[in-house]
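K.L.:
Below is the structure I would like to discuss, written out as structure tokens.
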Amino acid sequence: MATPIFESIQSQLGSLATASSVSHGTLVVEIAPAALSGLVQTLKSACKFDMLLDVTAIDWPGRQPRFDVVWHFYSTTHRVRVRVKARVPESDPVVDSLTQHYGSAAFQERECHEMYGIRFNGNADLRPLLLYEGFVGYPLRKDYPKLGEQPLVPYREGFDIADRAGV
Amino acid sequence: MSAAHPTIPISPAGGKSAAFEYLTTKKDELCGWARKFSLFPYPFVTACCAMEFMSVSSTPYDTDRFGAALPRFSPRQSDLLMVVGTVTHKQAPILLKVYEQMCEPKWVMAFGVCATSGGFYQNYAALAGIDRVIPVDVYIPGCPPRPETVIDGIMQLQDKIARQKHIILTKDF
């Protein structure tokens, strides 16, 4: 159904994408992090993808580069979704912020930043959103310990964080 | 009224009152009896257990039968803290603050498994039971607990209140 639209999008994106395919009815576009800004401009203006649905990341422990940063866009004109993926290394997990293009990116990038430690160049406000100030580490990374609690209130006598280690 | 069935006269007869003037009881029993039927709950409601809380406090189950229906939305006016739902580490300081603002005597009810033990949450975000932060008097299991379970919890708390020592002036009285 959406294939002709996808083909026209693919041709408009041209060489900006390193690979593209269709997965479960969604166009998947892989890009180099540096190409993000140009690709998003094309997506938004030429291809009419006017909604940013989601900014998240995937941790692939052991893979180099370790992280996928994933964006989902929706076009209210074509009524199709596109997924954009960029690989970033653990040593320098930086991509450009999309706050210039989509206002909704600001909060979603904050969440992605606190959960995965991805930095978004150009997002001026990367304070913790769901977590709290002083939280150490990135809880949605695969190497964050399952019982890595960081309580804000000291536990009452008889309770120890280590109690749950054997659970 | 025949002489075979004497009654207690309501008005003084013969200049001396025969009406009800005193009874004997224990201070703790009297206080416990009074306090167990005048629980003013403060609902600290954070999650989906709230639906069961609404159900149990509304007409079909009617916690007013136990004197525990009227929620006070200031912790300073309440004596039963009902922690209804998951408490996260981010929220634990708020829970502690609410608890500390309550006047004595005060009791705490952990409503549902999340408040009791963290339930199925075992991660960076959830507090594994509110008893790590504040003392708890009665734990109610269930995800969410059925209203009957909550009522049973209230009745167990009432028994506990009836049996406990009620300090009024000093630790000896």
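Within each chain, counting starts at residue 1; across the structure tokens, chains are named A, B, ... in the order shown, with ligands numbered 1 upward in that order.
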For Ala32 of chain A, find every residue with an atom within 8 Å (counting only C-alpha atoms), except residues of its own chain fewer than 2 positions away, and show them as JSON, numbers by chain.
P.N.:
{"A": [17, 18, 30, 34, 35, 36, 86, 87]}
K.L.:
Pull out every residue of chain B sitting within 8 Å of chain A, counting only C-alpha atoms, and send them as a PDB file with C-alpha atoms, in the first residue's frame.
P.N.:
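Writing the result to iface28.pdb gives the following:
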ATOM      1  CA  HIS B  89      12.768   6.497  44.833  1.00  0.00           C
ATOM      2  CA  LYS B  90      12.019   9.941  43.455  1.00  0.00           C
ATOM      3  CA  ALA B  92      10.131   8.590  48.721  1.00  0.00           C
ATOM      4  CA  PRO B  93      11.151  12.008  50.152  1.00  0.00           C
ATOM      5  CA  GLN B 122      12.661  -4.708  40.812  1.00  0.00           C
ATOM      6  CA  ASN B 123      14.700  -1.983  39.233  1.00  0.00           C
ATOM      7  CA  TYR B 124      16.421   1.364  39.570  1.00  0.00           C
ATOM      8  CA  ALA B 125      13.169   3.304  39.914  1.00  0.00           C
ATOM      9  CA  LEU B 127      11.156   1.575  46.206  1.00  0.00           C
ATOM     10  CA  ASP B 131       8.643   0.051  55.166  1.00  0.00           C
ATOM     11  CA  ARG B 132      12.181   0.882  54.079  1.00  0.00           C
ATOM     12  CA  VAL B 133      11.320   4.530  54.655  1.00  0.00           C
ATOM     13  CA  ILE B 134       8.449   4.672  57.172  1.00  0.00           C
TER      14      ILE B 134
END
K.L.:
Residues within 12 Å of Pro135 of chain B, please, as a ChimeraX atom specification. Count only C-alpha atoms; anything in the same chain fewer than 6 positions from it doesn't count.
P.N.:
/A:155-159 /B:81,83,95-96,99-100,106-110,115-116,129
K.L.:
Would you export the selected residues with N, CA and C atoms as a short mmCIF file (atom, residue, chain, number, x, y, z; two decimals), in the first residue's frame, please?
P.N.:
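Once everything was written out, this is selection_12.cif:
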data_model
loop_
_atom_site.label_atom_id
_atom_site.label_comp_id
_atom_site.auth_asym_id
_atom_site.auth_seq_id
_atom_site.Cartn_x
_atom_site.Cartn_y
_atom_site.Cartn_z
N TYR A 155 17.55 4.37 54.26
CA TYR A 155 16.64 3.31 54.70
C TYR A 155 16.60 3.24 56.22
N ARG A 156 15.48 2.76 56.74
CA ARG A 156 15.34 2.58 58.18
C ARG A 156 16.26 1.45 58.64
N GLU A 157 16.45 1.45 59.94
CA GLU A 157 17.33 0.44 60.52
C GLU A 157 16.82 -0.95 60.18
N GLY A 158 17.72 -1.83 59.82
CA GLY A 158 17.32 -3.19 59.48
C GLY A 158 17.13 -3.41 57.99
N PHE A 159 17.10 -2.35 57.24
CA PHE A 159 16.99 -2.51 55.79
C PHE A 159 18.29 -2.08 55.14
N LEU B 81 -2.33 6.82 57.35
CA LEU B 81 -1.72 7.10 56.05
C LEU B 81 -1.91 5.86 55.19
N VAL B 83 -1.02 4.27 51.89
CA VAL B 83 -0.12 4.42 50.75
C VAL B 83 -0.61 3.47 49.66
N LEU B 95 6.87 11.10 50.44
CA LEU B 95 6.15 10.21 51.37
C LEU B 95 6.64 10.42 52.80
N LEU B 96 7.94 10.51 52.95
CA LEU B 96 8.51 10.72 54.29
C LEU B 96 8.04 12.04 54.88
N TYR B 99 4.47 11.74 56.00
CA TYR B 99 4.40 10.96 57.24
C TYR B 99 4.84 11.79 58.44
N GLU B 100 5.90 12.55 58.25
CA GLU B 100 6.42 13.33 59.38
C GLU B 100 5.49 14.47 59.77
N LYS B 106 -0.55 7.90 64.94
CA LYS B 106 -0.71 7.71 63.50
C LYS B 106 -0.38 6.28 63.13
N TRP B 107 -1.06 5.81 62.09
CA TRP B 107 -0.86 4.45 61.61
C TRP B 107 -0.66 4.49 60.11
N VAL B 108 -0.01 3.48 59.59
CA VAL B 108 0.29 3.44 58.15
C VAL B 108 -0.20 2.13 57.58
N MET B 109 -0.86 2.23 56.45
CA MET B 109 -1.35 1.05 55.75
C MET B 109 -0.65 0.98 54.38
N ALA B 110 -0.02 -0.16 54.10
CA ALA B 110 0.57 -0.38 52.78
C ALA B 110 -0.48 -1.10 51.94
N ALA B 115 3.25 -1.10 47.37
CA ALA B 115 3.58 -0.39 48.60
C ALA B 115 4.17 -1.36 49.63
N THR B 116 3.74 -2.61 49.58
CA THR B 116 4.20 -3.58 50.55
C THR B 116 5.65 -3.99 50.32
N GLY B 129 9.12 -1.46 48.77
CA GLY B 129 8.32 -1.50 49.99
C GLY B 129 8.52 -0.23 50.79
#
K.L.:
List as a PDB file with C-alpha atoms, in the first residue's frame the protein and nucleic acid residues near segment 143-151 of chain B, meaning an atom at most 12 Å away when only C-alpha atoms are counted, but skip any in the same chain fewer than 5 places from it.
P.N.:
ATOM      1  CA  ALA B  47      -0.886   4.389  40.965  1.00  0.00           C
ATOM      2  CA  CYS B  48      -3.538   2.027  39.672  1.00  0.00           C
ATOM      3  CA  CYS B  49      -4.521   0.756  43.147  1.00  0.00           C
ATOM      4  CA  ALA B  50      -6.408   4.062  43.329  1.00  0.00           C
ATOM      5  CA  MET B  51      -9.236   2.416  41.392  1.00  0.00           C
ATOM      6  CA  GLU B  52      -9.655  -0.125  44.182  1.00  0.00           C
ATOM      7  CA  PHE B  53      -9.334   2.608  46.757  1.00  0.00           C
ATOM      8  CA  MET B  54     -12.223   4.480  45.107  1.00  0.00           C
ATOM      9  CA  SER B  55     -14.220   1.295  45.012  1.00  0.00           C
ATOM     10  CA  VAL B  56     -13.648   0.399  48.640  1.00  0.00           C
ATOM     11  CA  SER B  57     -14.417   3.874  49.928  1.00  0.00           C
ATOM     12  CA  SER B  58     -17.619   4.281  47.921  1.00  0.00           C
ATOM     13  CA  THR B  59     -21.102   3.043  48.745  1.00  0.00           C
ATOM     14  CA  PRO B  60     -20.985  -0.678  47.805  1.00  0.00           C
ATOM     15  CA  TYR B  61     -18.191  -1.438  50.268  1.00  0.00           C
ATOM     16  CA  ASP B  62     -18.496   1.617  52.481  1.00  0.00           C
ATOM     17  CA  THR B  63     -15.529   1.979  54.790  1.00  0.00           C
ATOM     18  CA  ASP B  64     -17.635   4.404  56.781  1.00  0.00           C
ATOM     19  CA  ARG B  65     -18.977   1.353  58.610  1.00  0.00           C
ATOM     20  CA  PHE B  66     -15.540   1.218  60.226  1.00  0.00           C
ATOM     21  CA  GLY B  67     -15.309   4.927  60.815  1.00  0.00           C
ATOM     22  CA  ALA B  68     -12.596   5.179  58.197  1.00  0.00           C
ATOM     23  CA  ALA B  69     -14.333   6.844  55.275  1.00  0.00           C
ATOM     24  CA  MET B  82      -2.942   4.866  53.237  1.00  0.00           C
ATOM     25  CA  VAL B  84      -1.945   3.292  47.655  1.00  0.00           C
ATOM     26  CA  GLY B  85       0.326   2.313  44.784  1.00  0.00           C
ATOM     27  CA  THR B  86       3.937   2.203  43.708  1.00  0.00           C
ATOM     28  CA  MET B 109      -1.345   1.048  55.749  1.00  0.00           C
ATOM     29  CA  ALA B 110       0.568  -0.385  52.775  1.00  0.00           C
ATOM     30  CA  PHE B 111      -2.176  -0.856  50.198  1.00  0.00           C
ATOM     31  CA  GLY B 112      -1.273  -3.436  47.536  1.00  0.00           C
ATOM     32  CA  VAL B 113       1.913  -5.305  46.756  1.00  0.00           C
ATOM     33  CA  CYS B 114       3.818  -2.322  45.366  1.00  0.00           C
ATOM     34  CA  ALA B 115       3.578  -0.394  48.604  1.00  0.00           C
ATOM     35  CA  THR B 116       4.198  -3.583  50.553  1.00  0.00           C
ATOM     36  CA  SER B 117       7.292  -4.919  48.811  1.00  0.00           C
ATOM     37  CA  GLY B 118       7.720  -3.185  45.468  1.00  0.00           C
ATOM     38  CA  GLY B 119       5.646  -5.938  43.879  1.00  0.00           C
ATOM     39  CA  PHE B 120       6.897  -6.966  40.505  1.00  0.00           C
ATOM     40  CA  VAL B 138      -0.783  -3.259  58.221  1.00  0.00           C
ATOM     41  CA  GLN B 156      -6.966  -5.946  61.539  1.00  0.00           C
ATOM     42  CA  LEU B 157      -5.676  -2.425  62.065  1.00  0.00           C
ATOM     43  CA  GLN B 158      -8.644  -1.729  64.349  1.00  0.00           C
TER      44      GLN B 158
END
K.L.:
Excluding Ser37 of chain A and any residue of its chain fewer than 4 positions from it, enumerate the residues within 8 Å of it, using only C-alpha atoms, and give them as a ChimeraX atom specification.
P.N.:
/A:41,96,98
K.L.:
Please produce an output containing N, CA and C atoms for each residue in the selection, written as a PDB file, in the first residue's frame.
P.N.:
ATOM      1  N   GLN A  41      15.799  17.684   7.609  1.00  0.00           N
ATOM      2  CA  GLN A  41      15.252  18.814   6.837  1.00  0.00           C
ATOM      3  C   GLN A  41      14.510  18.328   5.602  1.00  0.00           C
ATOM      4  N   ASP A  96      23.125  15.230  16.756  1.00  0.00           N
ATOM      5  CA  ASP A  96      22.545  16.573  16.766  1.00  0.00           C
ATOM      6  C   ASP A  96      21.138  16.524  17.350  1.00  0.00           C
ATOM      7  N   LEU A  98      17.240  17.661  17.546  1.00  0.00           N
ATOM      8  CA  LEU A  98      16.229  18.021  16.543  1.00  0.00           C
ATOM      9  C   LEU A  98      15.298  19.113  17.059  1.00  0.00           C
TER      10      LEU A  98
END
K.L.:
Can you list, as a PyMOL selection string, every protein, DNA or RNA residue that comes within 10 Å of Phe120 of chain A when you count only C-alpha atoms, leaving out same-chain residues fewer than 5 positions away?
P.N.:
chain A and resi 93-99+106+109-110+112-113+125-126
K.L.:
Mind checking which residues fall within 12 Å of Gln10 of chain A, counting only C-alpha atoms, ignoring those fewer than 2 positions away in the same chain, and posting them as an MDAnalysis selection string?
P.N.:
chainID A and resid 3:8 12:22 27:30 39 42:43 46:47 82
K.L.:
Given the choices B:Asp137, B:Asp159, B:Asp152, B:Asp79, which gets closest to Gly32 of chain B if the distance is worked out from only C-alpha atoms?
P.N.:
B:Asp159
K.L.:
Check segment 97-172 of chain B with DSSP on the backbone and list each residue it calls helix (DSSP H, G or I), as JSON, numbers by chain.
P.N.:
{"B": [97, 98, 99, 100, 101, 113, 114, 115, 116, 117, 130, 131, 132, 147, 148, 149, 150, 151, 152, 153, 154, 155, 156, 157, 158, 159, 160, 161, 162, 163]}
K.L.:
Please return, as a ChimeraX atom specification, all residues of segment 38-83 of chain B that DSSP assigns to strand (DSSP E) on the basis of the backbone.
P.N.:
/B:41-45,80-83
K.L.:
For the residues in the current selection, export C-alpha atoms as a short mmCIF file (atom, residue, chain, number, x, y, z; two decimals), in the first residue's frame.
P.N.:
data_model
loop_
_atom_site.label_atom_id
_atom_site.label_comp_id
_atom_site.auth_asym_id
_atom_site.auth_seq_id
_atom_site.Cartn_x
_atom_site.Cartn_y
_atom_site.Cartn_z
CA PRO B 41 -7.30 8.38 56.32
CA TYR B 42 -4.91 10.40 54.22
CA PRO B 43 -4.82 8.74 50.79
CA PHE B 44 -1.29 8.87 49.39
CA VAL B 45 -2.38 7.60 46.01
CA LEU B 80 -4.14 6.79 58.97
CA LEU B 81 -1.72 7.10 56.05
CA MET B 82 -2.94 4.87 53.24
CA VAL B 83 -0.12 4.42 50.75
#
K.L.:
Between atom CA of Asp50 of chain A and atom CA of Ile118 of chain A, measure the distance and give it in Å to one decimal.
P.N.:
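Atom-to-atom, atom CA of Asp50 of chain A to atom CA of Ile118 of chain A, that is 23.8 Å.
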K.L.:
So, counting only C-alpha atoms, which residue among A:Leu52, A:Arg79, A:Ala57, A:Ile31 is closest to Glu111 of chain A?
P.N.:
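Of A:Leu52, A:Arg79, A:Ala57, A:Ile31, the one nearest Glu111 of chain A, counting only C-alpha atoms, is A:Ala57.
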